[in-house]
Structure formats: C-alpha cells, structure tokens
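Undergrad: Pasting a structure below so you can have a look.
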Amino acid sequence: MNKTLSAIFALVLLAAFASCTKYDIQGSSDLQNVDGRMLYLKDVVDDKIVNLDSCDMVHGKFAFSGAFDSTRIVTLCIDDQPVMPVVLEPGTISVTLNMQGQTCSGTPMNDTLNVFNISYRKLSERLEDLAHQQSQAIMNGEDVDAVNRRLAVEEDRLMAEEEQLVSGFITDNFDNCLGPYVFQVATRAYEYPILTTWIEVLLTKATDRFKNDPYVKEYIDAANHNRDIMTGVAEPQPKLPPMPLPKPKTPNELAQP
C-alpha cells in the first residue's frame with residue numbers, strides 16, 4: 001500500500017514538473033552606472049506588483065532562469081525602474097540595453113513584440129518631432145497659420161498610421177498575451193477609459209478570449225459605464241481598470257545612479 005502511494009505521489013510530482021516550462025534570459029548592457037544594481041522581473045498579480053525573479057548586473061551582464069506555468073508578459077526592471085516588457089516563453093531570450101534603446105529577441109513572441117515596438121517607437125518619435133518642426137518653421141519666418149495647418153494634417157496622418165499599427169497588431173494577436181498587452185499600453189494614454197472609434201471597430205471582430213482578458217474586460221466595462229454617465233443613463237460610480245506597471249524609463253534615465 002505504501003509503495004502504491006509513493007508511486008502515485010511520484011507521478012503527481014512528475015506531472016507538476018512537466019506542466020512547468022523553463023525560461024532562460026541572457027542580457028547585456030553598456031549603460032553607465034548600472035553595474036552592481038539589481039534587476040527584477042515584475043508582474044501584476046491581484047492588482048499588486050510582485051517580484052518573480054531577481055539578479056544583479058555584473059560587468060554589463062545579467063541572467064534570469066526559472067520555471068513558469070503559462071506564457072505571459074512581465075516587466076524587466078532595474079531596481080524599481082521599469083525598463084521593458086519581456087515575454088516569458090520557452091527558449092533563450094536575449095536582452096540588450098544600450099543608449100540606442102532596449103531590445104528583446106530570440107524567441108517567437110519576443111521577436112514579434114520587438115518588431116512592433118520598433119515601429120511604434122519610430123511613429124512616436126515622428127509625432128514628437130512635429131513640435132520641433134513648428135518652432136524651426138516659425139524661426140525661419142514662415143507664416144504661423146500656414147505652418148500649423150500643414151503640421152495638423154501631418155499629425156492626423158501619423159495618428160491614423162499609429163492607430164492602424166496598434167489595431168492591426170492587436171487583431172493579429174487576439175488569442176495570445178501580446179494583444180491584451182498592447183491594448184493596455186495604448187489605452188493607458190487616455191485620462192479615463194473611453195470607447196474611441198478604433199476600439200469600437202476592434203471589438204466588432206475581437207475573439208471571446210481577447211474580450212474576456214481581465215484588463216480588456218475591466219476597461220470596456222468602465223468605458224461603457226463612462227459613456228452611460230455622459231449620456232445621462234447612469235450615475236457617476238468610477239470604476240477603473242487595474243493599474244499597469246509604470247512607463248519604462250529612457251536609456252538616459254536608466255543610466256542615472
């Protein structure tokens with residue numbers, strides 16, 4: 001009888017280990033003032049930020065390894081400063097931190113997210129450059145109204161391109177962790193949950209898995225409630241979605257001691 005119980009217990013342990021998948025993260029950095037600092041993998045669990053793993057930076061190198069039960073996105077942090085998202089998935093994940101930015105590659109979903117982040121970053125930089133173009137044009141003596149009209153057209157074009165990039169990426173990744181993550185990144189720019197045109201169009205084709213993601217569901221419920229308030233259907237009862245991790249720091253900010 002004892003041998004039978006031992007055999008059953010061993011099988012249970014074997015099944016438990018088999019259900020866990022290993023992750024391996026190999027990182028490097030040439031940023032100043034980061035050697036000796038602690039790095040963490042952080043996640044949001046029950047609306048609280050928790051540390052999943054930690055290591056220290058030694059001569060510009062760091063590494064994480066461990067087991068996980070499901071593929072998900074976590075945040076790589078230096079001390080308490082968010083740096084970048086990392087998808088925990090099987091394979092060797094390569095992370096590079098330098099003054100040009102941050103990259104995470106080597107596995108399928110990290111490669112996919114990395115390509116999106118590069119495109120999104122380029123669009124954001126072009127939008128931010130519009131203010132510089134305005135100042136430069138005015139200093140060159142151009143007509144202010146003409147400059148503003150031209151830049152407004154360019155801003156609308158870039159915003160439409162950004163919305164198309166975001167909604168297209170989410171649509172392609174409805175049924176994995178990338179879609180809800182990018183939806184969260186895109187919507188946290190809003191002051192409060194709202195249903196914009198691109199979100200409404202997105203929801204018309206969204207899968208049940210995407211719509212039932214905890215953040216997505218909470219956001220949509222809050223946005224619908226806010227719309228009801230604005231139309232007089234409901235009384236104000238603020239309900240906000242779970243707070244995401246703070247916005248990642250720039251390379252210059254990370255280099256600060």
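A note on labels: chains of the structure tokens are A, B, ... as shown, every chain counts residues from 1, and ligands are counted from 1 in their shown order.
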Just want the 12 Å neighbourhood of segment 67-72 of chain A, counted on only C-alpha atoms, with same-chain residues fewer than 4 positions away dropped. Output as number ranges by chain.

TA: A: 16-25, 41-45, 52-53, 85-91, 107-110, 175-181

Undergrad: Name all residues at most 10 Å from Gln134 of chain A (count only C-alpha atoms; drop same-chain ones fewer than 6 positions away) and give them as a list in words.

TA: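 Within the cut-off, the hits are Asn140, Glu142, Val144, Val147, Asn148, Arg150 and Leu151 of chain A.
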
Undergrad: Would you mind listing what lies within 9 Å of Gln164 of chain A as a ChimeraX atom specification, with only C-alpha atoms counted and same-chain residues fewer than 5 positions away left out?

TA: /A:159,169,198

Undergrad: Now that the selection is made, can you save its residues with all heavy atoms as a JSON list (two decimals), in the first residue's frame?

TA:
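Listing of result.json after writing:
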[["chain", "number", "residue", "atom", "x", "y", "z"],
["A", 159, "MET", "N", -1.21, 59.99, -36.65],
["A", 159, "MET", "CA", -2.10, 59.38, -35.65],
["A", 159, "MET", "C", -2.89, 58.24, -36.27],
["A", 159, "MET", "O", -3.08, 57.19, -35.63],
["A", 159, "MET", "CB", -3.04, 60.45, -35.09],
["A", 159, "MET", "CG", -2.36, 61.49, -34.20],
["A", 159, "MET", "SD", -1.72, 60.76, -32.66],
["A", 159, "MET", "CE", -3.25, 60.37, -31.82],
["A", 169, "PHE", "N", -1.93, 45.08, -35.05],
["A", 169, "PHE", "CA", -1.13, 44.17, -34.22],
["A", 169, "PHE", "C", -2.02, 43.43, -33.22],
["A", 169, "PHE", "O", -1.87, 42.22, -33.03],
["A", 169, "PHE", "CB", -0.05, 44.95, -33.48],
["A", 169, "PHE", "CG", 0.86, 44.08, -32.65],
["A", 169, "PHE", "CD1", 1.98, 43.50, -33.21],
["A", 169, "PHE", "CD2", 0.58, 43.84, -31.30],
["A", 169, "PHE", "CE1", 2.82, 42.68, -32.44],
["A", 169, "PHE", "CE2", 1.41, 43.04, -30.54],
["A", 169, "PHE", "CZ", 2.54, 42.46, -31.11],
["A", 198, "TRP", "N", -11.42, 53.50, -32.99],
["A", 198, "TRP", "CA", -10.59, 52.33, -33.29],
["A", 198, "TRP", "C", -10.87, 51.19, -32.31],
["A", 198, "TRP", "O", -10.81, 50.01, -32.70],
["A", 198, "TRP", "CB", -9.11, 52.69, -33.33],
["A", 198, "TRP", "CG", -8.44, 52.90, -32.00],
["A", 198, "TRP", "CD1", -8.27, 54.08, -31.35],
["A", 198, "TRP", "CD2", -7.81, 51.90, -31.17],
["A", 198, "TRP", "NE1", -7.59, 53.89, -30.16],
["A", 198, "TRP", "CE2", -7.29, 52.56, -30.04],
["A", 198, "TRP", "CE3", -7.63, 50.52, -31.29],
["A", 198, "TRP", "CZ2", -6.62, 51.90, -29.01],
["A", 198, "TRP", "CZ3", -6.96, 49.85, -30.27],
["A", 198, "TRP", "CH2", -6.46, 50.54, -29.15]]

Undergrad: Quick check for you: according to DSSP on this backbone, which residues of segment 1-233 of chain A are classed as helix (DSSP H, G or I)? Reply as a PyMOL selection string.

TA: chain A and resi 2-19+108-139+144-172+178-187+197-205+208-211+214-230

Undergrad: Just how far from atom CA of Thr92 of chain A is atom CA of Met38 of chain A, in Å to one decimal?

TA: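 Separation between atom CA of Met38 of chain A and atom CA of Thr92 of chain A: 20.8 Å.
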
Undergrad: Tell me, as a PyMOL selection string, which residues lie within 12 Å of Glu125 of chain A, counting only C-alpha atoms; anything in the same chain fewer than 6 positions away does not count.

TA: chain A and resi 118-119+131-132+155+158-159+162

Undergrad: Identify, on the basis of only C-alpha atoms, every residue whose closest approach to Thr197 of chain A does not exceed 12 Å; exclude the query and any residue fewer than 2 positions from it along the same chain; express the result as a PDB file with N, CA, C and O atoms, in the first residue's frame.

TA:
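This went into part.pdb:
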ATOM      1  N   ALA A 160      -3.374  58.444 -37.499  1.00  0.00           N
ATOM      2  CA  ALA A 160      -4.110  57.376 -38.184  1.00  0.00           C
ATOM      3  C   ALA A 160      -3.205  56.179 -38.443  1.00  0.00           C
ATOM      4  O   ALA A 160      -3.624  55.014 -38.305  1.00  0.00           O
ATOM      5  N   GLU A 163      -2.766  54.354 -35.121  1.00  0.00           N
ATOM      6  CA  GLU A 163      -3.951  53.565 -34.782  1.00  0.00           C
ATOM      7  C   GLU A 163      -4.029  52.303 -35.620  1.00  0.00           C
ATOM      8  O   GLU A 163      -4.396  51.228 -35.129  1.00  0.00           O
ATOM      9  N   GLN A 164      -3.684  52.421 -36.903  1.00  0.00           N
ATOM     10  CA  GLN A 164      -3.705  51.254 -37.788  1.00  0.00           C
ATOM     11  C   GLN A 164      -2.668  50.225 -37.353  1.00  0.00           C
ATOM     12  O   GLN A 164      -2.932  49.017 -37.365  1.00  0.00           O
ATOM     13  N   SER A 167      -4.033  48.688 -33.858  1.00  0.00           N
ATOM     14  CA  SER A 167      -5.202  47.821 -34.013  1.00  0.00           C
ATOM     15  C   SER A 167      -4.874  46.589 -34.857  1.00  0.00           C
ATOM     16  O   SER A 167      -5.380  45.493 -34.587  1.00  0.00           O
ATOM     17  N   ILE A 194     -12.334  55.187 -22.272  1.00  0.00           N
ATOM     18  CA  ILE A 194     -13.287  55.663 -23.266  1.00  0.00           C
ATOM     19  C   ILE A 194     -13.306  54.694 -24.438  1.00  0.00           C
ATOM     20  O   ILE A 194     -12.351  53.934 -24.644  1.00  0.00           O
ATOM     21  N   LEU A 195     -14.399  54.729 -25.196  1.00  0.00           N
ATOM     22  CA  LEU A 195     -14.512  53.904 -26.394  1.00  0.00           C
ATOM     23  C   LEU A 195     -14.272  54.780 -27.614  1.00  0.00           C
ATOM     24  O   LEU A 195     -15.171  55.458 -28.096  1.00  0.00           O
ATOM     25  N   ILE A 199     -11.215  51.513 -31.061  1.00  0.00           N
ATOM     26  CA  ILE A 199     -11.540  50.464 -30.093  1.00  0.00           C
ATOM     27  C   ILE A 199     -12.868  49.814 -30.451  1.00  0.00           C
ATOM     28  O   ILE A 199     -13.021  48.581 -30.398  1.00  0.00           O
ATOM     29  N   GLU A 200     -13.863  50.627 -30.828  1.00  0.00           N
ATOM     30  CA  GLU A 200     -15.159  50.071 -31.201  1.00  0.00           C
ATOM     31  C   GLU A 200     -15.047  49.164 -32.420  1.00  0.00           C
ATOM     32  O   GLU A 200     -15.657  48.092 -32.471  1.00  0.00           O
ATOM     33  N   VAL A 201     -14.263  49.580 -33.418  1.00  0.00           N
ATOM     34  CA  VAL A 201     -14.051  48.741 -34.601  1.00  0.00           C
ATOM     35  C   VAL A 201     -13.330  47.453 -34.200  1.00  0.00           C
ATOM     36  O   VAL A 201     -13.668  46.357 -34.679  1.00  0.00           O
ATOM     37  N   LEU A 202     -12.353  47.573 -33.322  1.00  0.00           N
ATOM     38  CA  LEU A 202     -11.594  46.407 -32.863  1.00  0.00           C
ATOM     39  C   LEU A 202     -12.518  45.387 -32.200  1.00  0.00           C
ATOM     40  O   LEU A 202     -12.405  44.178 -32.441  1.00  0.00           O
ATOM     41  N   LEU A 203     -13.431  45.862 -31.383  1.00  0.00           N
ATOM     42  CA  LEU A 203     -14.317  44.962 -30.634  1.00  0.00           C
ATOM     43  C   LEU A 203     -15.308  44.228 -31.529  1.00  0.00           C
ATOM     44  O   LEU A 203     -15.797  43.155 -31.166  1.00  0.00           O
ATOM     45  N   THR A 204     -15.609  44.788 -32.704  1.00  0.00           N
ATOM     46  CA  THR A 204     -16.545  44.119 -33.604  1.00  0.00           C
ATOM     47  C   THR A 204     -15.969  42.816 -34.158  1.00  0.00           C
ATOM     48  O   THR A 204     -16.729  41.940 -34.589  1.00  0.00           O
TER      49      THR A 204
END
